[in-house]
Amino acid sequence: AAWLTVSNGTRLAFVQRAALEKRLTTCCYLSTYVAAFSCFFNYFQLTSVDDLVLPDSGNFTLDLARPLEWIMTCPLMQLSLVLMGGAKLPEHRRYLMPAFSAVILALGTIGAFFGATIFAIKVLCYLVACTIFVVMVYFNRLQIIEYSGGEEGLLQGDSEFRKAT
C-alpha cells in the first residue's frame, strides 16, 4: 500500500516547487498519516502484545510500539517542514532531514535493546544520537534562515514556518 501511494502520487520534487496551497495540502496529508500511525501504534501500547521484557535490565518492559511509532512518524514531520519551506530550501533536505530523525530514533532503540547488556553500547548510541540531533537542529535553523531570506532565526521571528519548526 505504501509503495502504491508513493509510486502513484505526486512527486515530492514537484510539491516542493509548487505553490504554498499545494505544499500545505501535502503537509496536511502527511499529518493525517502521522495521526493514523499514532492511533494504530497507541492501540498496541495499551495492550501487552508489544511488550518486550529486557531480562538483563532488571526485567524492564519495553513497549515496542512506542519506538516504532516514533520511527514511522517523526521523519514524516521533518519532511513536512522541508516541503513547507518550498523551493527556497535545497532539494536534498527532503531526504536528509527525515534520515536524521530516523537514525536518531533507531540509535535510541538500539541503545535500549543492546545497552541492557553492554553499557558502552548504550552510551555510544546516546552520544552519536546527540551529535546527530545537534546537526539536525543546525539544519532546522538553516532552513528558517533560508526561508526568511536571513530575517529570522531559530529564536527570533514571527513567521508560521519558524513557529512550525
# chains A, B, ... in the order shown; residues from 1 in each chain; ligands from 1
$ select_by_dssp --residues "region 15-80 of chain A" --states "alpha helix (DSSP H)" --output "PyMOL selection string"
chain A and resi 15-17+20-46+65-80
$ residues_around --residues "region 71-80 of chain A" --least-positions-apart "3" --cutoff "9 Å" --atoms "only C-alpha atoms" --output "tab-separated table (two decimals) with all heavy atoms, in the first residue's frame"
chain	number	residue	atom	x	y	z
A	23	ARG	N	1.62	22.87	-1.25
A	23	ARG	CA	2.56	22.38	-0.24
A	23	ARG	C	1.87	22.16	1.09
A	23	ARG	O	2.09	21.14	1.76
A	23	ARG	CB	3.73	23.36	-0.08
A	23	ARG	CG	4.58	23.48	-1.31
A	23	ARG	CD	5.89	24.22	-1.07
A	23	ARG	NE	5.84	25.35	-0.18
A	23	ARG	CZ	5.82	26.63	-0.56
A	23	ARG	NH1	5.84	26.94	-1.84
A	23	ARG	NH2	5.82	27.59	0.33
A	24	LEU	N	1.01	23.08	1.49
A	24	LEU	CA	0.29	22.93	2.76
A	24	LEU	C	-0.71	21.78	2.71
A	24	LEU	O	-0.90	21.09	3.71
A	24	LEU	CB	-0.40	24.24	3.14
A	24	LEU	CG	0.54	25.39	3.52
A	24	LEU	CD1	-0.26	26.64	3.84
A	24	LEU	CD2	1.44	25.01	4.69
A	26	THR	N	-0.30	19.04	0.98
A	26	THR	CA	0.52	17.83	1.13
A	26	THR	C	0.95	17.65	2.58
A	26	THR	O	0.95	16.53	3.10
A	26	THR	CB	1.75	17.91	0.21
A	26	THR	OG1	1.30	18.09	-1.13
A	26	THR	CG2	2.59	16.66	0.31
A	27	CYS	N	1.29	18.74	3.26
A	27	CYS	CA	1.65	18.66	4.68
A	27	CYS	C	0.47	18.18	5.51
A	27	CYS	O	0.66	17.41	6.47
A	27	CYS	CB	2.15	20.02	5.18
A	27	CYS	SG	3.75	20.50	4.50
A	28	CYS	N	-0.73	18.59	5.15
A	28	CYS	CA	-1.92	18.09	5.86
A	28	CYS	C	-2.12	16.60	5.64
A	28	CYS	O	-2.48	15.87	6.57
A	28	CYS	CB	-3.16	18.86	5.42
A	28	CYS	SG	-3.23	20.54	6.04
A	30	LEU	N	0.29	14.45	5.03
A	30	LEU	CA	1.32	13.80	5.84
A	30	LEU	C	0.93	13.78	7.31
A	30	LEU	O	1.16	12.80	8.02
A	30	LEU	CB	2.68	14.49	5.64
A	30	LEU	CG	3.37	14.23	4.32
A	30	LEU	CD1	4.61	15.09	4.20
A	30	LEU	CD2	3.72	12.77	4.16
A	31	SER	N	0.34	14.87	7.78
A	31	SER	CA	-0.11	14.92	9.18
A	31	SER	C	-1.22	13.92	9.44
A	31	SER	O	-1.30	13.35	10.54
A	31	SER	CB	-0.58	16.33	9.53
A	31	SER	OG	0.49	17.23	9.46
A	33	TYR	N	-1.43	10.99	7.90
A	33	TYR	CA	-0.71	9.73	8.03
A	33	TYR	C	-0.09	9.60	9.42
A	33	TYR	O	-0.14	8.53	10.03
A	33	TYR	CB	0.40	9.60	6.97
A	33	TYR	CG	-0.09	9.29	5.58
A	33	TYR	CD1	0.34	10.04	4.50
A	33	TYR	CD2	-0.95	8.23	5.34
A	33	TYR	CE1	-0.08	9.75	3.21
A	33	TYR	CE2	-1.39	7.95	4.07
A	33	TYR	CZ	-0.94	8.71	3.00
A	33	TYR	OH	-1.37	8.43	1.74
A	34	VAL	N	0.48	10.68	9.91
A	34	VAL	CA	1.09	10.66	11.25
A	34	VAL	C	0.04	10.34	12.30
A	34	VAL	O	0.26	9.51	13.19
A	34	VAL	CB	1.80	12.01	11.55
A	34	VAL	CG1	2.16	12.12	13.02
A	34	VAL	CG2	3.04	12.17	10.68
A	35	ALA	N	-1.12	10.97	12.20
A	35	ALA	CA	-2.19	10.72	13.17
A	35	ALA	C	-2.68	9.27	13.08
A	35	ALA	O	-2.92	8.63	14.11
A	35	ALA	CB	-3.34	11.69	12.94
A	37	PHE	N	-0.97	6.58	11.97
A	37	PHE	CA	0.07	5.72	12.53
A	37	PHE	C	0.06	5.79	14.05
A	37	PHE	O	0.20	4.78	14.74
A	37	PHE	CB	1.45	6.11	12.02
A	37	PHE	CG	1.75	5.64	10.62
A	37	PHE	CD1	2.36	6.49	9.72
A	37	PHE	CD2	1.45	4.36	10.21
A	37	PHE	CE1	2.66	6.07	8.44
A	37	PHE	CE2	1.74	3.92	8.93
A	37	PHE	CZ	2.35	4.79	8.03
A	38	SER	N	-0.07	6.99	14.58
A	38	SER	CA	-0.05	7.16	16.04
A	38	SER	C	-1.23	6.44	16.69
A	38	SER	O	-1.06	5.78	17.72
A	38	SER	CB	-0.08	8.65	16.40
A	38	SER	OG	1.11	9.27	15.99
A	66	ARG	N	5.99	1.93	20.88
A	66	ARG	CA	6.36	3.34	21.06
A	66	ARG	C	7.53	3.76	20.17
A	66	ARG	O	7.39	4.70	19.40
A	66	ARG	CB	6.66	3.62	22.53
A	66	ARG	CG	6.98	5.07	22.80
A	66	ARG	CD	7.05	5.35	24.26
A	66	ARG	NE	5.70	5.21	24.80
A	66	ARG	CZ	5.43	4.96	26.06
A	66	ARG	NH1	6.39	4.81	26.93
A	66	ARG	NH2	4.19	4.86	26.48
A	67	PRO	N	8.69	3.08	20.21
A	67	PRO	CA	9.76	3.50	19.30
A	67	PRO	C	9.42	3.27	17.83
A	67	PRO	O	9.85	4.03	16.96
A	67	PRO	CB	10.98	2.67	19.73
A	67	PRO	CG	10.47	1.62	20.63
A	67	PRO	CD	9.16	2.06	21.16
A	68	LEU	N	8.63	2.23	17.54
A	68	LEU	CA	8.23	2.02	16.15
A	68	LEU	C	7.35	3.17	15.66
A	68	LEU	O	7.48	3.62	14.51
A	68	LEU	CB	7.49	0.69	16.00
A	68	LEU	CG	8.35	-0.56	16.14
A	68	LEU	CD1	7.49	-1.81	16.02
A	68	LEU	CD2	9.45	-0.58	15.10
A	83	LEU	N	8.98	20.41	2.97
A	83	LEU	CA	8.01	20.73	1.93
A	83	LEU	C	7.36	22.08	2.18
A	83	LEU	O	7.09	22.83	1.23
A	83	LEU	CB	6.94	19.63	1.85
A	83	LEU	CG	7.43	18.27	1.37
A	83	LEU	CD1	6.28	17.27	1.39
A	83	LEU	CD2	8.05	18.36	-0.01
A	84	MET	N	7.10	22.41	3.42
A	84	MET	CA	6.52	23.70	3.75
A	84	MET	C	7.44	24.85	3.35
A	84	MET	O	7.00	25.90	2.92
A	84	MET	CB	6.21	23.77	5.25
A	84	MET	CG	5.31	24.91	5.64
A	84	MET	SD	5.06	25.03	7.43
A	84	MET	CE	4.45	23.44	7.86
A	85	GLY	N	8.75	24.61	3.45
A	85	GLY	CA	9.72	25.64	3.09
A	85	GLY	C	9.77	25.92	1.60
A	85	GLY	O	10.19	26.99	1.18
A	93	ARG	N	17.38	18.20	1.14
A	93	ARG	CA	16.87	18.18	2.52
A	93	ARG	C	15.64	17.30	2.66
A	93	ARG	O	15.31	16.87	3.76
A	93	ARG	CB	16.52	19.60	2.98
A	93	ARG	CG	17.70	20.52	2.99
A	93	ARG	CD	18.18	20.82	4.39
A	93	ARG	NE	19.34	21.66	4.29
A	93	ARG	CZ	19.31	22.97	4.19
A	93	ARG	NH1	18.16	23.60	4.22
A	93	ARG	NH2	20.43	23.66	4.08
A	94	ARG	N	14.94	17.03	1.55
A	94	ARG	CA	13.80	16.11	1.62
A	94	ARG	C	14.23	14.74	2.08
A	94	ARG	O	13.43	13.98	2.64
A	94	ARG	CB	13.13	15.98	0.24
A	94	ARG	CG	12.28	17.14	-0.16
A	94	ARG	CD	11.40	16.79	-1.35
A	94	ARG	NE	12.06	16.01	-2.36
A	94	ARG	CZ	12.67	16.52	-3.43
A	94	ARG	NH1	12.71	17.82	-3.60
A	94	ARG	NH2	13.23	15.73	-4.32
A	95	TYR	N	15.47	14.37	1.84
A	95	TYR	CA	16.00	13.08	2.28
A	95	TYR	C	16.83	13.21	3.55
A	95	TYR	O	16.79	12.33	4.41
A	95	TYR	CB	16.86	12.47	1.16
A	95	TYR	CG	16.15	12.40	-0.15
A	95	TYR	CD1	16.42	13.29	-1.17
A	95	TYR	CD2	15.15	11.45	-0.36
A	95	TYR	CE1	15.75	13.23	-2.38
A	95	TYR	CE2	14.46	11.39	-1.55
A	95	TYR	CZ	14.77	12.29	-2.56
A	95	TYR	OH	14.08	12.23	-3.75
A	97	MET	N	16.78	15.49	6.19
A	97	MET	CA	16.12	15.75	7.47
A	97	MET	C	15.35	14.53	7.99
A	97	MET	O	15.48	14.19	9.16
A	97	MET	CB	15.22	16.99	7.36
A	97	MET	CG	15.96	18.26	6.98
A	97	MET	SD	17.38	18.62	8.02
A	97	MET	CE	16.58	19.08	9.53
A	98	PRO	N	14.54	13.85	7.17
A	98	PRO	CA	13.91	12.62	7.68
A	98	PRO	C	14.93	11.55	8.05
A	98	PRO	O	14.73	10.79	9.01
A	98	PRO	CB	13.02	12.16	6.52
A	98	PRO	CG	12.75	13.38	5.73
A	98	PRO	CD	13.99	14.21	5.85
A	99	ALA	N	16.04	11.48	7.32
A	99	ALA	CA	17.07	10.49	7.63
A	99	ALA	C	17.70	10.78	8.99
A	99	ALA	O	17.93	9.85	9.78
A	99	ALA	CB	18.15	10.46	6.55
A	100	PHE	N	17.98	12.05	9.27
A	100	PHE	CA	18.50	12.40	10.60
A	100	PHE	C	17.55	11.92	11.68
A	100	PHE	O	17.96	11.29	12.66
A	100	PHE	CB	18.66	13.93	10.74
A	100	PHE	CG	19.89	14.50	10.12
A	100	PHE	CD1	19.90	15.80	9.67
A	100	PHE	CD2	21.06	13.76	9.99
A	100	PHE	CE1	21.03	16.36	9.11
A	100	PHE	CE2	22.19	14.30	9.42
A	100	PHE	CZ	22.18	15.61	8.97
A	101	SER	N	16.28	12.19	11.52
A	101	SER	CA	15.28	11.81	12.52
A	101	SER	C	15.21	10.29	12.69
A	101	SER	O	15.20	9.79	13.83
A	101	SER	CB	13.92	12.36	12.10
A	101	SER	OG	12.93	12.04	13.03
A	102	ALA	N	15.19	9.56	11.59
A	102	ALA	CA	15.10	8.10	11.67
A	102	ALA	C	16.35	7.50	12.32
A	102	ALA	O	16.24	6.58	13.14
A	102	ALA	CB	14.91	7.52	10.27
A	103	VAL	N	17.52	8.03	12.00
A	103	VAL	CA	18.76	7.49	12.58
A	103	VAL	C	18.82	7.77	14.08
A	103	VAL	O	19.21	6.89	14.87
A	103	VAL	CB	20.00	8.06	11.85
A	103	VAL	CG1	21.28	7.74	12.59
A	103	VAL	CG2	20.06	7.53	10.43
A	104	ILE	N	18.42	8.96	14.50
A	104	ILE	CA	18.40	9.28	15.93
A	104	ILE	C	17.50	8.30	16.69
A	104	ILE	O	17.88	7.75	17.73
A	104	ILE	CB	17.94	10.74	16.16
A	104	ILE	CG1	19.00	11.71	15.67
A	104	ILE	CG2	17.61	10.99	17.62
A	104	ILE	CD1	18.51	13.15	15.59
A	105	LEU	N	16.31	8.07	16.16
A	105	LEU	CA	15.36	7.18	16.83
A	105	LEU	C	15.82	5.72	16.77
A	105	LEU	O	15.63	4.97	17.73
A	105	LEU	CB	13.98	7.34	16.22
A	105	LEU	CG	13.37	8.73	16.49
A	105	LEU	CD1	12.19	8.98	15.57
A	105	LEU	CD2	12.98	8.86	17.94
A	106	ALA	N	16.43	5.33	15.66
A	106	ALA	CA	16.96	3.96	15.57
A	106	ALA	C	18.08	3.75	16.57
A	106	ALA	O	18.16	2.69	17.21
A	106	ALA	CB	17.44	3.68	14.15
A	165	THR	N	8.69	25.02	12.85
A	165	THR	CA	9.97	24.36	13.03
A	165	THR	C	10.29	24.26	14.50
A	165	THR	O	10.78	23.31	15.01
A	165	THR	CB	11.08	25.13	12.30
A	165	THR	OG1	10.73	25.18	10.92
A	165	THR	CG2	12.42	24.44	12.43
$ residues_around --residues "Gln45 (chain A)" --least-positions-apart "6" --cutoff "9 Å" --atoms "only C-alpha atoms" --output "VMD selection string"
chain A and resid 51 63 to 66
$ write_last_selection --atoms "N, CA and C atoms" --output "CSV table (one decimal), in the first residue's frame"
chain,number,residue,atom,x,y,z
A,51,ASP,N,4.7,-5.8,24.4
A,51,ASP,CA,5.6,-5.7,25.5
A,51,ASP,C,6.8,-6.7,25.3
A,63,ASP,N,7.7,-1.1,25.7
A,63,ASP,CA,6.6,-1.1,24.8
A,63,ASP,C,7.2,-0.9,23.4
A,64,LEU,N,7.3,-1.9,22.6
A,64,LEU,CA,8.0,-1.8,21.3
A,64,LEU,C,7.2,-0.9,20.3
A,65,ALA,N,5.9,-0.8,20.5
A,65,ALA,CA,5.1,0.1,19.6
A,65,ALA,C,5.5,1.5,19.7
A,66,ARG,N,6.0,1.9,20.9
A,66,ARG,CA,6.4,3.3,21.1
A,66,ARG,C,7.5,3.8,20.2
$ select_by_dssp --residues "region 22-138 of chain A" --states "strand (DSSP E)" --output "ChimeraX atom specification"
/A:51-54,60-63
$ write_last_selection --atoms "N, CA and C atoms" --output "JSON list (two decimals), in the first residue's frame"
[["chain", "number", "residue", "atom", "x", "y", "z"],
["A", 51, "ASP", "N", 4.72, -5.77, 24.35],
["A", 51, "ASP", "CA", 5.63, -5.74, 25.50],
["A", 51, "ASP", "C", 6.81, -6.66, 25.26],
["A", 52, "LEU", "N", 7.99, -6.12, 25.47],
["A", 52, "LEU", "CA", 9.22, -6.87, 25.30],
["A", 52, "LEU", "C", 10.00, -6.73, 26.59],
["A", 53, "VAL", "N", 10.23, -7.85, 27.27],
["A", 53, "VAL", "CA", 10.94, -7.84, 28.54],
["A", 53, "VAL", "C", 12.43, -7.96, 28.26],
["A", 54, "LEU", "N", 13.18, -6.97, 28.75],
["A", 54, "LEU", "CA", 14.64, -7.00, 28.61],
["A", 54, "LEU", "C", 15.21, -7.61, 29.88],
["A", 60, "PHE", "N", 13.05, -5.03, 32.77],
["A", 60, "PHE", "CA", 12.42, -3.82, 32.24],
["A", 60, "PHE", "C", 11.54, -4.19, 31.06],
["A", 61, "THR", "N", 10.32, -3.70, 31.02],
["A", 61, "THR", "CA", 9.39, -3.99, 29.94],
["A", 61, "THR", "C", 9.37, -2.80, 28.98],
["A", 62, "LEU", "N", 9.69, -3.07, 27.72],
["A", 62, "LEU", "CA", 9.72, -2.05, 26.69],
["A", 62, "LEU", "C", 8.47, -2.19, 25.84],
["A", 63, "ASP", "N", 7.72, -1.11, 25.70],
["A", 63, "ASP", "CA", 6.60, -1.10, 24.76],
["A", 63, "ASP", "C", 7.18, -0.86, 23.38]]
